[in-house]
2 protein chains.
Amino acid sequence: MAKFKLDETDHQILDMLIENTRTPFTDIAKKLLISAGTVHVRVKKMEEAGIIIGSSLTLDYKKLGYAFIAYVGVFLKNTSQTKFVLERINEIPFVTVAHVTTGKFNVFCKIRAKNTQHAKEIIFLLDDIEGVYRTETMISLEESINDKKRLMHSIFKEM
Amino acid sequence: MAKFKLDETDHQILDMLIENTRTPFTDIAKKLLISAGTVHVRVKKMEEAGIIIGSSLTLDYKKLGYAFIAYVGVFLKNTSQTKFVLERINEIPFVTVAHVTTGKFNVFCKIRAKNTQHAKEIIFLLDDIEGVYRTETMISLEESINDKKRLMHSIFKEM
DNA sequence: GGTGAAAGCACCGAGTT
DNA sequence: AACTCGGTGCTTTCACC
């Protein structure tokens, strides 16, 4: 998991692909004044190095009827059950991400649901997992996602 | 923000593109026994409808030297300052997402940092925002991201 | 709303500098 | 490591169903 060396050209390629995965390599090449072949080789190298893990679509879950987001803190009866509980949590499709954490909670997860009723059902599923002592829910009233590009620029500045 | 009607074919197209945005339309067409032109038209329609917002690369931040994830709960002096504070928070590049929440915290955010030292600096930036009373940090020891496909399947089942 | 063919490009590997 | 170039194959449009 070592820090990987990327140069300015790699940064700019990632920059364009982060905004739109399907940006033609020829467009990137034109902008960076290099050949499309070079873009191709560099992307391939970053894929082989595991820097680029994959690509995914960003969907509007609100439009799909899933506007409800909440974070659920999970308290365990016994921390030795962490692994087991984490596995059970990951079987629930509406849990988008789960963390083992220090601090207040043992496990901490994000859920995406249709509405409060649906969220309640999901939280009940969490509560029902063996080893879960209790849960604490925080409902998101508003989500603001920071620009991925901005984070990358900050990372690049330090490389 | 109405619920949008997608048919089985759309589901399967999204299914393949979620796994890999660059899946050739010809491959999708072959698998679904339709023409590549049809795949193209359907994807375009989903883009125009705003279901597909965009596409992005998944990067390995660990390999880039950013292995540290934490969630920070923010308490405000006064909830009327929420909007202002949220704007300031979003100016910090290492904050990847911020939420206005009900429950324990007023605002809740996720940060990505190089290490504990770096995380401390970011949390100090949060503490320094005018209107922030105090913060509470939960450090992620392990992140497990649920399969995006699994959520989509659950959503599709109900459409 | 779908098709199939055709034109236009992009991808990607080979060979070169 | 990057370039050019050419074969292969993908995308996108369009007339037609």
# chains A, B, ... in the order shown; residues from 1 in each chain; ligands from 1
>>> residues_around(residues="range 2-13 of chain C", least_positions_apart="2", cutoff="8 Å", atoms="only C-alpha atoms (C1' of nucleotides)", output="VMD selection string")
(chain A and resid 24 to 26 37 40) or (chain B and resid 35 38) or (chain D and resid 10 to 11 17)
>>> write_last_selection(atoms="N, CA and C atoms (P, O5', C5', C4', C3', O3' and C1' of nucleotides)", output="mmCIF file, in the first residue's frame")
data_model
loop_
_atom_site.group_PDB
_atom_site.id
_atom_site.type_symbol
_atom_site.label_atom_id
_atom_site.label_comp_id
_atom_site.auth_asym_id
_atom_site.auth_seq_id
_atom_site.Cartn_x
_atom_site.Cartn_y
_atom_site.Cartn_z
ATOM 1 N N PRO A 24 -12.915 10.785 -24.439
ATOM 2 C CA PRO A 24 -12.038 10.112 -25.398
ATOM 3 C C PRO A 24 -10.568 10.422 -25.122
ATOM 4 N N PHE A 25 -9.731 9.408 -25.261
ATOM 5 C CA PHE A 25 -8.296 9.594 -25.044
ATOM 6 C C PHE A 25 -7.741 10.615 -26.029
ATOM 7 N N THR A 26 -8.336 10.698 -27.190
ATOM 8 C CA THR A 26 -7.880 11.680 -28.189
ATOM 9 C C THR A 26 -8.103 13.110 -27.698
ATOM 10 N N GLY A 37 -1.863 7.557 -27.880
ATOM 11 C CA GLY A 37 -1.210 6.324 -27.476
ATOM 12 C C GLY A 37 -0.589 6.447 -26.091
ATOM 13 N N HIS A 40 -3.179 6.329 -23.456
ATOM 14 C CA HIS A 40 -3.573 4.937 -23.298
ATOM 15 C C HIS A 40 -2.596 4.166 -22.416
ATOM 16 N N SER B 35 -29.824 -4.374 -30.231
ATOM 17 C CA SER B 35 -28.763 -3.767 -31.035
ATOM 18 C C SER B 35 -28.010 -2.716 -30.212
ATOM 19 N N THR B 38 -29.727 0.593 -29.848
ATOM 20 C CA THR B 38 -30.754 0.659 -28.808
ATOM 21 C C THR B 38 -30.129 0.961 -27.444
ATOM 22 P P DC D 10 -15.912 -4.088 -30.113
ATOM 23 O "O5'" DC D 10 -16.379 -2.671 -29.578
ATOM 24 C "C5'" DC D 10 -15.431 -1.824 -28.934
ATOM 25 C "C4'" DC D 10 -15.878 -0.388 -29.107
ATOM 26 C "C3'" DC D 10 -17.373 -0.169 -28.837
ATOM 27 O "O3'" DC D 10 -17.492 0.878 -27.892
ATOM 28 C "C1'" DC D 10 -16.775 0.691 -30.971
ATOM 29 P P DT D 11 -18.916 1.354 -27.380
ATOM 30 O "O5'" DT D 11 -19.226 2.560 -28.355
ATOM 31 C "C5'" DT D 11 -18.337 3.665 -28.355
ATOM 32 C "C4'" DT D 11 -18.802 4.696 -29.352
ATOM 33 C "C3'" DT D 11 -20.197 5.278 -29.121
ATOM 34 O "O3'" DT D 11 -20.051 6.684 -29.226
ATOM 35 C "C1'" DT D 11 -20.021 4.502 -31.337
ATOM 36 P P DC D 17 -39.276 -0.437 -44.910
ATOM 37 O "O5'" DC D 17 -39.573 -1.203 -43.544
ATOM 38 C "C5'" DC D 17 -38.586 -2.062 -42.972
ATOM 39 C "C4'" DC D 17 -39.004 -2.444 -41.572
ATOM 40 C "C3'" DC D 17 -40.482 -2.797 -41.411
ATOM 41 O "O3'" DC D 17 -40.591 -4.032 -40.760
ATOM 42 C "C1'" DC D 17 -39.818 -1.231 -39.755
#
>>> select_by_dssp(residues="range 31-131 of chain B", states="strand (DSSP E or B)", output="JSON, numbers by chain")
{"B": [52, 53, 54, 55, 56, 57, 58, 59, 68, 69, 70, 71, 72, 73, 74, 75, 76, 95, 96, 97, 98, 99, 100, 101, 107, 108, 109, 110, 111, 112, 113]}
>>> write_last_selection(atoms="N, CA and C atoms", output="short mmCIF file (atom, residue, chain, number, x, y, z; two decimals), in the first residue's frame")
data_model
loop_
_atom_site.label_atom_id
_atom_site.label_comp_id
_atom_site.auth_asym_id
_atom_site.auth_seq_id
_atom_site.Cartn_x
_atom_site.Cartn_y
_atom_site.Cartn_z
N ILE B 52 -28.90 9.06 -14.81
CA ILE B 52 -27.45 8.97 -14.83
C ILE B 52 -26.90 10.39 -14.76
N ILE B 53 -26.25 10.70 -13.66
CA ILE B 53 -25.72 12.05 -13.48
C ILE B 53 -24.35 12.17 -14.11
N GLY B 54 -23.57 11.11 -14.01
CA GLY B 54 -22.23 11.16 -14.58
C GLY B 54 -21.51 9.86 -14.35
N SER B 55 -20.23 9.88 -14.62
CA SER B 55 -19.44 8.69 -14.39
C SER B 55 -18.13 9.12 -13.78
N SER B 56 -17.59 8.27 -12.93
CA SER B 56 -16.35 8.66 -12.27
C SER B 56 -15.45 7.47 -12.03
N LEU B 57 -14.18 7.76 -11.89
CA LEU B 57 -13.22 6.72 -11.59
C LEU B 57 -13.24 6.40 -10.11
N THR B 58 -12.98 5.16 -9.79
CA THR B 58 -12.75 4.78 -8.40
C THR B 58 -11.24 4.65 -8.23
N LEU B 59 -10.69 5.43 -7.33
CA LEU B 59 -9.25 5.41 -7.12
C LEU B 59 -8.91 4.77 -5.79
N PHE B 68 -6.35 7.39 5.71
CA PHE B 68 -7.05 7.72 6.94
C PHE B 68 -8.46 8.27 6.67
N ILE B 69 -9.44 7.61 7.26
CA ILE B 69 -10.83 8.07 7.14
C ILE B 69 -11.38 8.33 8.53
N ALA B 70 -12.08 9.42 8.68
CA ALA B 70 -12.76 9.67 9.96
C ALA B 70 -14.07 10.38 9.69
N TYR B 71 -14.99 10.22 10.63
CA TYR B 71 -16.24 10.97 10.59
C TYR B 71 -16.17 12.00 11.70
N VAL B 72 -16.61 13.19 11.41
CA VAL B 72 -16.56 14.26 12.40
C VAL B 72 -17.96 14.83 12.59
N GLY B 73 -18.45 14.73 13.81
CA GLY B 73 -19.72 15.36 14.16
C GLY B 73 -19.45 16.78 14.61
N VAL B 74 -20.24 17.72 14.12
CA VAL B 74 -20.03 19.13 14.44
C VAL B 74 -21.22 19.69 15.23
N PHE B 75 -20.92 20.30 16.33
CA PHE B 75 -21.95 20.98 17.13
C PHE B 75 -21.84 22.47 16.86
N LEU B 76 -22.95 23.11 16.58
CA LEU B 76 -22.94 24.55 16.32
C LEU B 76 -23.35 25.33 17.56
N VAL B 95 -12.60 17.18 3.21
CA VAL B 95 -13.94 16.78 3.61
C VAL B 95 -14.63 16.26 2.37
N THR B 96 -14.93 14.97 2.35
CA THR B 96 -15.49 14.41 1.11
C THR B 96 -17.00 14.56 1.03
N VAL B 97 -17.66 14.55 2.17
CA VAL B 97 -19.10 14.74 2.16
C VAL B 97 -19.55 15.32 3.50
N ALA B 98 -20.54 16.18 3.45
CA ALA B 98 -21.07 16.79 4.67
C ALA B 98 -22.58 16.69 4.68
N HIS B 99 -23.15 16.48 5.86
CA HIS B 99 -24.59 16.36 5.99
C HIS B 99 -25.10 17.27 7.10
N VAL B 100 -26.26 17.87 6.86
CA VAL B 100 -26.99 18.49 7.96
C VAL B 100 -27.84 17.36 8.54
N THR B 101 -27.74 17.16 9.83
CA THR B 101 -28.44 16.01 10.42
C THR B 101 -29.33 16.36 11.60
N VAL B 107 -24.13 19.06 12.20
CA VAL B 107 -23.55 18.76 10.90
C VAL B 107 -22.63 17.57 11.10
N PHE B 108 -22.50 16.80 10.05
CA PHE B 108 -21.79 15.56 10.16
C PHE B 108 -20.99 15.36 8.89
N CYS B 109 -19.70 15.12 8.99
CA CYS B 109 -18.94 14.99 7.76
C CYS B 109 -17.90 13.89 7.79
N LYS B 110 -17.48 13.53 6.60
CA LYS B 110 -16.49 12.48 6.43
C LYS B 110 -15.21 13.13 5.92
N ILE B 111 -14.10 12.76 6.50
CA ILE B 111 -12.85 13.32 6.01
C ILE B 111 -11.89 12.22 5.57
N ARG B 112 -11.05 12.58 4.64
CA ARG B 112 -10.01 11.65 4.15
C ARG B 112 -8.67 12.33 4.30
N ALA B 113 -7.76 11.67 5.03
CA ALA B 113 -6.47 12.30 5.32
C ALA B 113 -5.32 11.33 5.12
#
>>> residues_around(residues="DT4 in chain D", least_positions_apart="2", cutoff="12 Å", atoms="only C-alpha atoms (C1' of nucleotides)", output="VMD selection string")
(chain A and resid 34 to 38) or (chain C and resid 14 to 17) or (chain D and resid 2 6)
>>> write_last_selection(atoms="N, CA, C and O atoms (P, O5', C5', C4', C3', O3' and C1' of nucleotides)", output="PDB file, in the first residue's frame")
ATOM      1  N   ILE A  34      -0.032  15.645 -26.061  1.00  0.00           N
ATOM      2  CA  ILE A  34       0.688  14.376 -26.192  1.00  0.00           C
ATOM      3  C   ILE A  34      -0.120  13.496 -27.132  1.00  0.00           C
ATOM      4  O   ILE A  34      -1.185  13.901 -27.588  1.00  0.00           O
ATOM      5  N   SER A  35       0.376  12.314 -27.433  1.00  0.00           N
ATOM      6  CA  SER A  35      -0.367  11.451 -28.350  1.00  0.00           C
ATOM      7  C   SER A  35      -1.378  10.611 -27.571  1.00  0.00           C
ATOM      8  O   SER A  35      -1.216  10.363 -26.375  1.00  0.00           O
ATOM      9  N   ALA A  36      -2.415  10.186 -28.284  1.00  0.00           N
ATOM     10  CA  ALA A  36      -3.452   9.365 -27.659  1.00  0.00           C
ATOM     11  C   ALA A  36      -2.879   8.049 -27.166  1.00  0.00           C
ATOM     12  O   ALA A  36      -3.320   7.505 -26.152  1.00  0.00           O
ATOM     13  N   GLY A  37      -1.863   7.557 -27.880  1.00  0.00           N
ATOM     14  CA  GLY A  37      -1.210   6.324 -27.476  1.00  0.00           C
ATOM     15  C   GLY A  37      -0.589   6.447 -26.091  1.00  0.00           C
ATOM     16  O   GLY A  37      -0.666   5.540 -25.269  1.00  0.00           O
ATOM     17  N   THR A  38       0.020   7.596 -25.841  1.00  0.00           N
ATOM     18  CA  THR A  38       0.637   7.850 -24.537  1.00  0.00           C
ATOM     19  C   THR A  38      -0.411   7.873 -23.435  1.00  0.00           C
ATOM     20  O   THR A  38      -0.205   7.305 -22.354  1.00  0.00           O
TER      21      THR A  38
ATOM     22  P    DA C  14       1.913  -6.319 -29.738  1.00  0.00           P
ATOM     23  O5'  DA C  14       2.593  -5.932 -31.115  1.00  0.00           O
ATOM     24  C5'  DA C  14       1.786  -5.666 -32.283  1.00  0.00           C
ATOM     25  C4'  DA C  14       2.680  -5.017 -33.330  1.00  0.00           C
ATOM     26  C3'  DA C  14       4.163  -5.305 -33.142  1.00  0.00           C
ATOM     27  O3'  DA C  14       4.790  -5.434 -34.418  1.00  0.00           O
ATOM     28  C1'  DA C  14       3.779  -2.972 -32.939  1.00  0.00           C
ATOM     29  P    DG C  15       6.344  -5.908 -34.465  1.00  0.00           P
ATOM     30  O5'  DG C  15       7.056  -4.621 -35.060  1.00  0.00           O
ATOM     31  C5'  DG C  15       6.444  -3.872 -36.126  1.00  0.00           C
ATOM     32  C4'  DG C  15       7.080  -2.502 -36.179  1.00  0.00           C
ATOM     33  C3'  DG C  15       8.600  -2.512 -35.985  1.00  0.00           C
ATOM     34  O3'  DG C  15       9.198  -1.667 -36.962  1.00  0.00           O
ATOM     35  C1'  DG C  15       7.613  -1.013 -34.466  1.00  0.00           C
ATOM     36  P    DT C  16      10.797  -1.403 -36.965  1.00  0.00           P
ATOM     37  O5'  DT C  16      10.887   0.088 -36.430  1.00  0.00           O
ATOM     38  C5'  DT C  16      10.196   1.153 -37.122  1.00  0.00           C
ATOM     39  C4'  DT C  16      10.529   2.481 -36.460  1.00  0.00           C
ATOM     40  C3'  DT C  16      12.014   2.710 -36.200  1.00  0.00           C
ATOM     41  O3'  DT C  16      12.444   3.908 -36.829  1.00  0.00           O
ATOM     42  C1'  DT C  16      10.711   3.179 -34.260  1.00  0.00           C
ATOM     43  P    DT C  17      14.008   4.335 -36.746  1.00  0.00           P
ATOM     44  O5'  DT C  17      13.986   5.563 -35.743  1.00  0.00           O
ATOM     45  C5'  DT C  17      12.911   6.495 -35.720  1.00  0.00           C
ATOM     46  C4'  DT C  17      13.079   7.407 -34.513  1.00  0.00           C
ATOM     47  C3'  DT C  17      14.524   7.725 -34.155  1.00  0.00           C
ATOM     48  O3'  DT C  17      14.690   9.109 -33.913  1.00  0.00           O
ATOM     49  C1'  DT C  17      13.386   6.937 -32.264  1.00  0.00           C
TER      50       DT C  17
ATOM     51  P    DA D   2       6.008   9.273 -21.031  1.00  0.00           P
ATOM     52  O5'  DA D   2       6.007   9.580 -22.591  1.00  0.00           O
ATOM     53  C5'  DA D   2       6.882  10.578 -23.097  1.00  0.00           C
ATOM     54  C4'  DA D   2       6.888  10.502 -24.604  1.00  0.00           C
ATOM     55  C3'  DA D   2       5.488  10.450 -25.214  1.00  0.00           C
ATOM     56  O3'  DA D   2       5.315  11.491 -26.150  1.00  0.00           O
ATOM     57  C1'  DA D   2       6.868   8.756 -26.117  1.00  0.00           C
ATOM     58  P    DG D   6      -0.105   3.788 -41.998  1.00  0.00           P
ATOM     59  O5'  DG D   6      -0.637   2.289 -41.927  1.00  0.00           O
ATOM     60  C5'  DG D   6       0.085   1.307 -41.176  1.00  0.00           C
ATOM     61  C4'  DG D   6      -0.885   0.327 -40.537  1.00  0.00           C
ATOM     62  C3'  DG D   6      -2.210   0.159 -41.289  1.00  0.00           C
ATOM     63  O3'  DG D   6      -2.597  -1.195 -41.190  1.00  0.00           O
ATOM     64  C1'  DG D   6      -2.643   0.899 -39.094  1.00  0.00           C
TER      65       DG D   6
END
>>> select_by_dssp(residues="range 67-120 of chain A", states="alpha helix (DSSP H)", output="list in words")
Thr82, Lys83, Phe84, Val85, Leu86, Glu87, Arg88, Ile89, Thr116, Gln117, His118, Ala119 and Lys120 of chain A
>>> atom_distance(atom1="CA of Leu86 in chain A", atom2="CA of Glu136 in chain A")
16.2 Å
>>> residues_around(residues="Glu158 in chain A", least_positions_apart="4", cutoff="12 Å", atoms="only C-alpha atoms (C1' of nucleotides)", output="count of residues only")
15
